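As provided, model35.txt (compact mmCIF, C-alpha atoms) reads as follows.
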```
# COMPACT_ATOMS: atom_id res chain seq x y z
CA MET Z 18 13.94 37.09 18.51
CA ASN Z 19 14.51 34.20 16.11
CA ILE Z 20 11.85 31.46 15.91
CA VAL Z 21 12.25 28.30 13.83
CA ARG Z 22 9.42 25.79 13.46
CA ASN Z 23 10.47 22.27 12.40
CA ASP Z 24 7.77 19.88 11.23
CA TRP Z 25 10.01 16.83 11.44
CA TRP Z 26 7.83 13.80 12.02
CA VAL Z 27 5.32 14.00 9.24
CA THR Z 28 4.05 10.61 8.01
CA PRO Z 29 2.86 10.76 4.39
CA ILE Z 30 -0.08 8.67 3.23
CA TRP Z 31 -1.08 8.77 -0.42
CA GLU Z 32 -4.54 8.02 -1.86
CA ILE Z 33 -4.99 7.77 -5.62
CA GLN Z 34 -8.39 7.14 -7.20
CA THR Z 35 -7.50 5.43 -10.48
CA ASP Z 36 -9.60 5.03 -13.61
CA PHE Z 37 -9.44 1.23 -13.37
CA ASP Z 38 -13.00 -0.14 -13.59
CA SER Z 39 -14.79 -3.31 -12.45
CA GLN Z 40 -13.97 -5.09 -15.72
CA PHE Z 41 -10.25 -4.48 -15.13
CA ASN Z 42 -10.61 -5.58 -11.49
CA ASN Z 43 -12.38 -8.79 -12.50
CA GLU Z 44 -9.50 -9.49 -14.89
CA ILE Z 45 -6.98 -8.95 -12.06
CA LEU Z 46 -8.81 -11.57 -9.99
CA ARG Z 47 -9.12 -13.99 -12.90
CA GLU Z 48 -5.40 -13.75 -13.64
CA ALA Z 49 -4.41 -14.09 -9.98
CA ASN Z 50 -6.74 -17.04 -9.37
CA SER Z 51 -5.63 -18.94 -12.49
CA SER Z 52 -1.99 -18.95 -11.36
CA ASP Z 53 0.04 -21.08 -8.97
CA HIS Z 54 2.29 -18.15 -8.04
CA ILE Z 55 2.18 -17.20 -4.36
CA ASN Z 56 3.45 -13.73 -5.23
CA VAL Z 57 0.81 -12.09 -7.43
CA TRP Z 58 3.45 -9.94 -9.17
CA ASN Z 59 5.10 -13.07 -10.61
CA ASN Z 60 2.15 -13.34 -13.01
CA ASN Z 61 3.21 -11.79 -16.30
CA THR Z 62 -0.40 -11.44 -17.40
CA PRO Z 63 -1.80 -8.26 -19.00
CA ALA Z 64 -3.91 -6.73 -16.19
CA ILE Z 65 -1.50 -7.60 -13.38
CA THR Z 66 1.42 -6.26 -15.42
CA GLN Z 67 -0.52 -3.05 -16.12
CA LEU Z 68 -1.29 -2.56 -12.41
CA LYS Z 69 2.31 -3.39 -11.46
CA GLU Z 70 3.73 -0.81 -13.88
CA TYR Z 71 1.17 1.81 -12.83
CA THR Z 72 1.88 1.39 -9.12
CA LEU Z 73 5.65 1.47 -9.66
CA GLN Z 74 5.30 4.68 -11.66
CA ILE Z 75 2.98 6.43 -9.19
CA VAL Z 76 5.00 5.43 -6.11
CA THR Z 77 8.22 6.56 -7.77
CA GLU Z 78 6.73 9.91 -8.76
CA LEU Z 79 5.20 10.64 -5.38
CA ALA Z 80 7.33 8.90 -2.76
CA ALA Z 81 10.90 8.67 -4.01
CA PRO Z 82 11.86 12.33 -3.43
CA TYR Z 83 10.32 12.13 0.05
CA ILE Z 84 12.17 8.96 1.05
CA SER Z 85 15.72 9.91 0.06
CA LYS Z 86 17.77 12.87 -1.07
CA ASN Z 87 19.50 10.61 -3.61
CA PHE Z 88 16.20 9.22 -4.93
CA ARG Z 89 17.51 9.21 -8.51
CA ASP Z 90 20.03 6.51 -7.51
CA PHE Z 91 17.45 3.83 -6.71
CA LYS Z 92 14.27 2.26 -8.02
CA PHE Z 93 11.24 0.74 -6.35
CA TRP Z 94 10.22 -2.87 -6.84
CA HIS Z 95 7.35 -5.03 -5.59
CA THR Z 96 8.92 -7.57 -3.23
CA ASN Z 97 5.65 -9.49 -2.85
CA GLY Z 98 1.94 -9.07 -3.42
CA TRP Z 99 -1.16 -11.00 -2.38
CA ILE Z 100 -4.95 -10.90 -2.65
CA ASN Z 101 -6.98 -10.32 0.55
CA TYR Z 102 -10.55 -11.65 0.78
CA CYS Z 103 -12.48 -10.34 3.78
CA SER Z 104 -16.02 -11.70 4.27
CA ASN Z 105 -18.73 -10.49 6.64
CA GLY Z 106 -17.39 -10.22 10.21
CA GLU Z 107 -13.76 -10.69 9.20
CA TYR Z 108 -11.07 -8.11 9.91
CA ILE Z 109 -7.29 -7.75 9.85
CA PRO Z 110 -5.64 -7.06 13.24
CA ILE Z 111 -3.10 -4.32 13.92
CA HIS Z 112 0.18 -4.94 12.14
CA GLY Z 113 3.03 -3.23 10.31
CA HIS Z 114 5.04 -4.36 7.33
CA GLY Z 115 8.43 -3.75 8.96
CA GLY Z 116 11.31 -3.74 6.48
CA PRO Z 117 9.65 -2.70 3.20
CA LYS Z 118 9.84 1.00 2.38
CA ILE Z 119 6.21 1.10 1.20
CA ALA Z 120 3.04 -0.84 2.01
CA LEU Z 121 0.43 -0.57 -0.74
CA THR Z 122 -3.21 -1.61 -1.12
CA TYR Z 123 -5.33 -1.58 -4.26
CA TYR Z 124 -9.09 -2.03 -3.74
CA ILE Z 125 -10.62 -4.51 -6.17
CA LYS Z 126 -14.15 -5.00 -4.74
CA THR Z 127 -15.73 -2.91 -2.01
CA SER Z 128 -19.16 -2.10 -0.62
CA GLU Z 129 -20.61 0.19 2.03
CA ASN Z 130 -19.39 -0.73 5.56
CA CYS Z 131 -16.93 -3.35 4.27
CA GLY Z 132 -14.23 -2.26 6.74
CA ASP Z 133 -12.21 0.95 6.79
CA LEU Z 134 -8.43 1.04 6.81
CA LEU Z 135 -7.23 2.59 10.08
CA LEU Z 136 -3.72 4.07 10.03
CA ILE Z 137 -2.41 4.44 13.56
CA ASP Z 138 -0.55 7.57 14.65
CA PRO Z 139 3.10 6.45 14.94
CA ARG Z 140 3.71 8.89 17.81
CA ASN Z 141 2.21 6.45 20.31
CA GLY Z 142 -0.19 8.16 22.73
CA CYS Z 143 0.37 11.63 21.33
CA ASP Z 144 -2.57 13.90 22.21
CA TRP Z 145 -1.58 16.81 20.01
CA ASP Z 146 -4.11 15.93 17.33
CA ASN Z 147 -7.53 17.47 17.86
CA GLU Z 148 -9.36 14.56 16.22
CA ILE Z 149 -11.12 12.14 18.53
CA ASP Z 150 -10.93 8.90 16.52
CA GLY Z 151 -8.95 6.46 18.65
CA VAL Z 152 -8.83 3.21 20.57
CA ASN Z 153 -6.99 2.58 23.86
CA GLY Z 154 -5.07 5.83 23.60
CA ALA Z 155 -3.89 5.21 20.01
CA LYS Z 156 -5.26 7.68 17.52
CA PHE Z 157 -5.77 6.82 13.89
CA LYS Z 158 -6.79 8.23 10.53
CA ARG Z 159 -9.54 6.48 8.61
CA ILE Z 160 -9.59 5.63 4.89
CA LYS Z 161 -12.77 4.33 3.28
CA PRO Z 162 -12.16 1.57 0.74
CA VAL Z 163 -13.30 2.47 -2.79
CA GLU Z 164 -12.94 0.25 -5.84
CA GLY Z 165 -9.99 1.36 -7.97
CA LYS Z 166 -8.33 3.29 -5.14
CA ILE Z 167 -4.65 2.85 -4.33
CA VAL Z 168 -3.41 3.69 -0.84
CA PHE Z 169 0.25 3.58 0.07
CA PHE Z 170 2.26 4.59 3.10
CA PRO Z 171 5.55 3.84 4.89
CA GLY Z 172 5.90 0.13 5.71
CA PHE Z 173 6.60 0.84 9.39
CA LEU Z 174 3.18 2.42 9.93
CA LEU Z 175 0.90 0.24 12.07
CA HIS Z 176 -2.57 -0.26 10.61
CA THR Z 177 -5.66 -2.41 10.91
CA ILE Z 178 -8.81 -3.16 8.92
CA GLU Z 179 -12.15 -2.87 10.68
CA PRO Z 180 -14.61 -5.79 10.58
CA ASN Z 181 -16.56 -6.13 7.35
CA LYS Z 182 -20.17 -5.29 8.27
CA SER Z 183 -21.54 -5.77 4.77
CA SER Z 184 -22.82 -8.95 3.15
CA GLU Z 185 -20.29 -8.57 0.29
CA THR Z 186 -16.70 -9.79 0.41
CA ARG Z 187 -14.13 -7.00 0.31
CA VAL Z 188 -11.26 -7.85 -2.04
CA SER Z 189 -7.96 -6.00 -2.20
CA LEU Z 190 -4.45 -6.53 -3.48
CA SER Z 191 -1.72 -5.68 -0.98
CA SER Z 192 1.96 -5.30 -1.73
CA ASN Z 193 5.27 -4.60 -0.08
CA MET Z 194 7.70 -2.41 -1.97
CA GLY Z 195 11.42 -2.10 -1.46
CA THR Z 196 14.17 -0.15 -3.17
CA PHE Z 197 17.31 -1.20 -4.99
CA ASP Z 198 20.20 0.41 -6.85
CA SER Z 199 21.95 -0.85 -9.97
CA ASP Z 200 24.32 -3.13 -7.98
CA ASN Z 201 21.77 -4.60 -5.57
CA VAL Z 202 22.39 -8.34 -5.23
CA THR Z 203 18.94 -9.01 -3.68
CA LYS Z 204 17.11 -7.53 -6.66
CA LYS Z 205 19.25 -9.49 -9.14
CA LEU Z 206 18.52 -12.72 -7.25
CA TYR Z 207 14.80 -11.88 -7.17
CA ASP Z 208 14.77 -11.22 -10.94
CA SER Z 209 16.54 -14.53 -11.65
CA LEU Z 210 13.96 -16.39 -9.54
CA ILE Z 211 11.13 -14.78 -11.53
CA GLN Z 212 12.75 -15.68 -14.85
CA ASN Z 213 13.24 -19.29 -13.75
CA GLY Z 214 9.64 -19.66 -12.57
```

Exercise: express the given structure as structure tokens:
Amino acid sequence: MNIVRNDWWVTPIWEIQTDFDSQFNNEILREANSSDHINVWNNNTPAITQLKEYTLQIVTELAAPYISKNFRDFKFWHTNGWINYCSNGEYIPIHGHGGPKIALTYYIKTSENCGDLLLIDPRNGCDWDNEIDGVNGAKFKRIKPVEGKIVFFPGFLLHTIEPNKSSETRVSLSSNMGTFDSDNVTKKLYDSLIQNG
């Protein structure tokens, strides 16, 4: 008898607790709020640049070999980034990021019960998981927001943020990340737009 087990539809989610502290996070917010750029990554300020370089490095190290066999032929880039402010009672409905390879969130300010990130099982109503967390037949995994934590996952993965039940505003920086190779016209156009303001 020959038995082969194939674990084909694994969906990776990465959580990294960084050493970035509240002083660094306050600087991220100050830099983002003192700019007219819609895309936070267009700010060439010290803290935002440091976070940008860190996230590019960590995503490349962890995700690139998983995403493609020829991972050495391409690089990641932040296509766009934005700051999310979520006050008491506010939430973010179920959504996916579609085209980007990676969706990323960095938690800037959090508090107890400020709204967990729920990552929905992409296998629809699959009941093979023995965990009971789920809504309307869709199961999900839960990630508690913690200041300085980075979470990233495939852009296609549907997710939602629970209502903020605390009196503090939860603040995070979210980003979409794509890939390019040395001849990618889209990346060259993007870079020229950044250089020209």

Report task. Just give me the residues with any atom within 10 Å of (11.3, 2.1, -6.7), file coordinates, counting all atoms listed in the file, written as number ranges by chain. Result -> Z: 72-78, 80-81, 88-95, 118-119, 194-198

Query - Residues near Ser189 of chain Z, cut-off 10 Å, all atoms listed in the file, skip fewer than 3 positions along chain, as a list in words - result: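 Near neighbours after the sequence-gap exclusion: Asn42, Leu46, Trp99, Ile100, Asn101, Tyr102, Cys103, Thr122, Tyr123, Tyr124, Ile125, Lys126, Thr127, Pro162, Glu164, Gly165, Lys166, Ile167, Thr186 and Ser192 of chain Z.
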
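Interatomic distance, atom CA of Phe170 of chain Z to atom CA of Ser191 of chain Z: 11.7 Å.
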
Query - 8 Å contact set for segment 107-113 of chain Z, all atoms listed in the file, chain neighbours under 2 positions out, as an MDAnalysis selection string - result: chainID Z and resid 103:105 115 132 172:181

File dump, residues just selected, C-alpha atoms, as a PDB file, in the frame of the given file:
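Final output, again21.pdb:
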```pdb
ATOM      1  CA  CYS Z 103     -12.480 -10.340   3.780  1.00  0.00           C
ATOM      2  CA  SER Z 104     -16.020 -11.700   4.270  1.00  0.00           C
ATOM      3  CA  ASN Z 105     -18.730 -10.490   6.640  1.00  0.00           C
ATOM      4  CA  GLY Z 115       8.430  -3.750   8.960  1.00  0.00           C
ATOM      5  CA  GLY Z 132     -14.230  -2.260   6.740  1.00  0.00           C
ATOM      6  CA  GLY Z 172       5.900   0.130   5.710  1.00  0.00           C
ATOM      7  CA  PHE Z 173       6.600   0.840   9.390  1.00  0.00           C
ATOM      8  CA  LEU Z 174       3.180   2.420   9.930  1.00  0.00           C
ATOM      9  CA  LEU Z 175       0.900   0.240  12.070  1.00  0.00           C
ATOM     10  CA  HIS Z 176      -2.570  -0.260  10.610  1.00  0.00           C
ATOM     11  CA  THR Z 177      -5.660  -2.410  10.910  1.00  0.00           C
ATOM     12  CA  ILE Z 178      -8.810  -3.160   8.920  1.00  0.00           C
ATOM     13  CA  GLU Z 179     -12.150  -2.870  10.680  1.00  0.00           C
ATOM     14  CA  PRO Z 180     -14.610  -5.790  10.580  1.00  0.00           C
ATOM     15  CA  ASN Z 181     -16.560  -6.130   7.350  1.00  0.00           C
TER      16      ASN Z 181
END
```

Extending 5 Å beyond the listed atoms of segment 72-83 of chain Z on each side, what axis-aligned box results? I want centre and edge lengths in Å to one decimal, as JSON.
```
{"center_x": 6.9, "center_y": 6.9, "center_z": -5.8, "size_x": 20.0, "size_y": 20.9, "size_z": 21.7}
```

Query raised in the report: atom CA of Ala49 of chain Z and atom CA of Gly116 of chain Z are how many Å apart?
Result: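 Straight-line distance from atom CA of Ala49 of chain Z to atom CA of Gly116 of chain Z works out to 25.0 Å.
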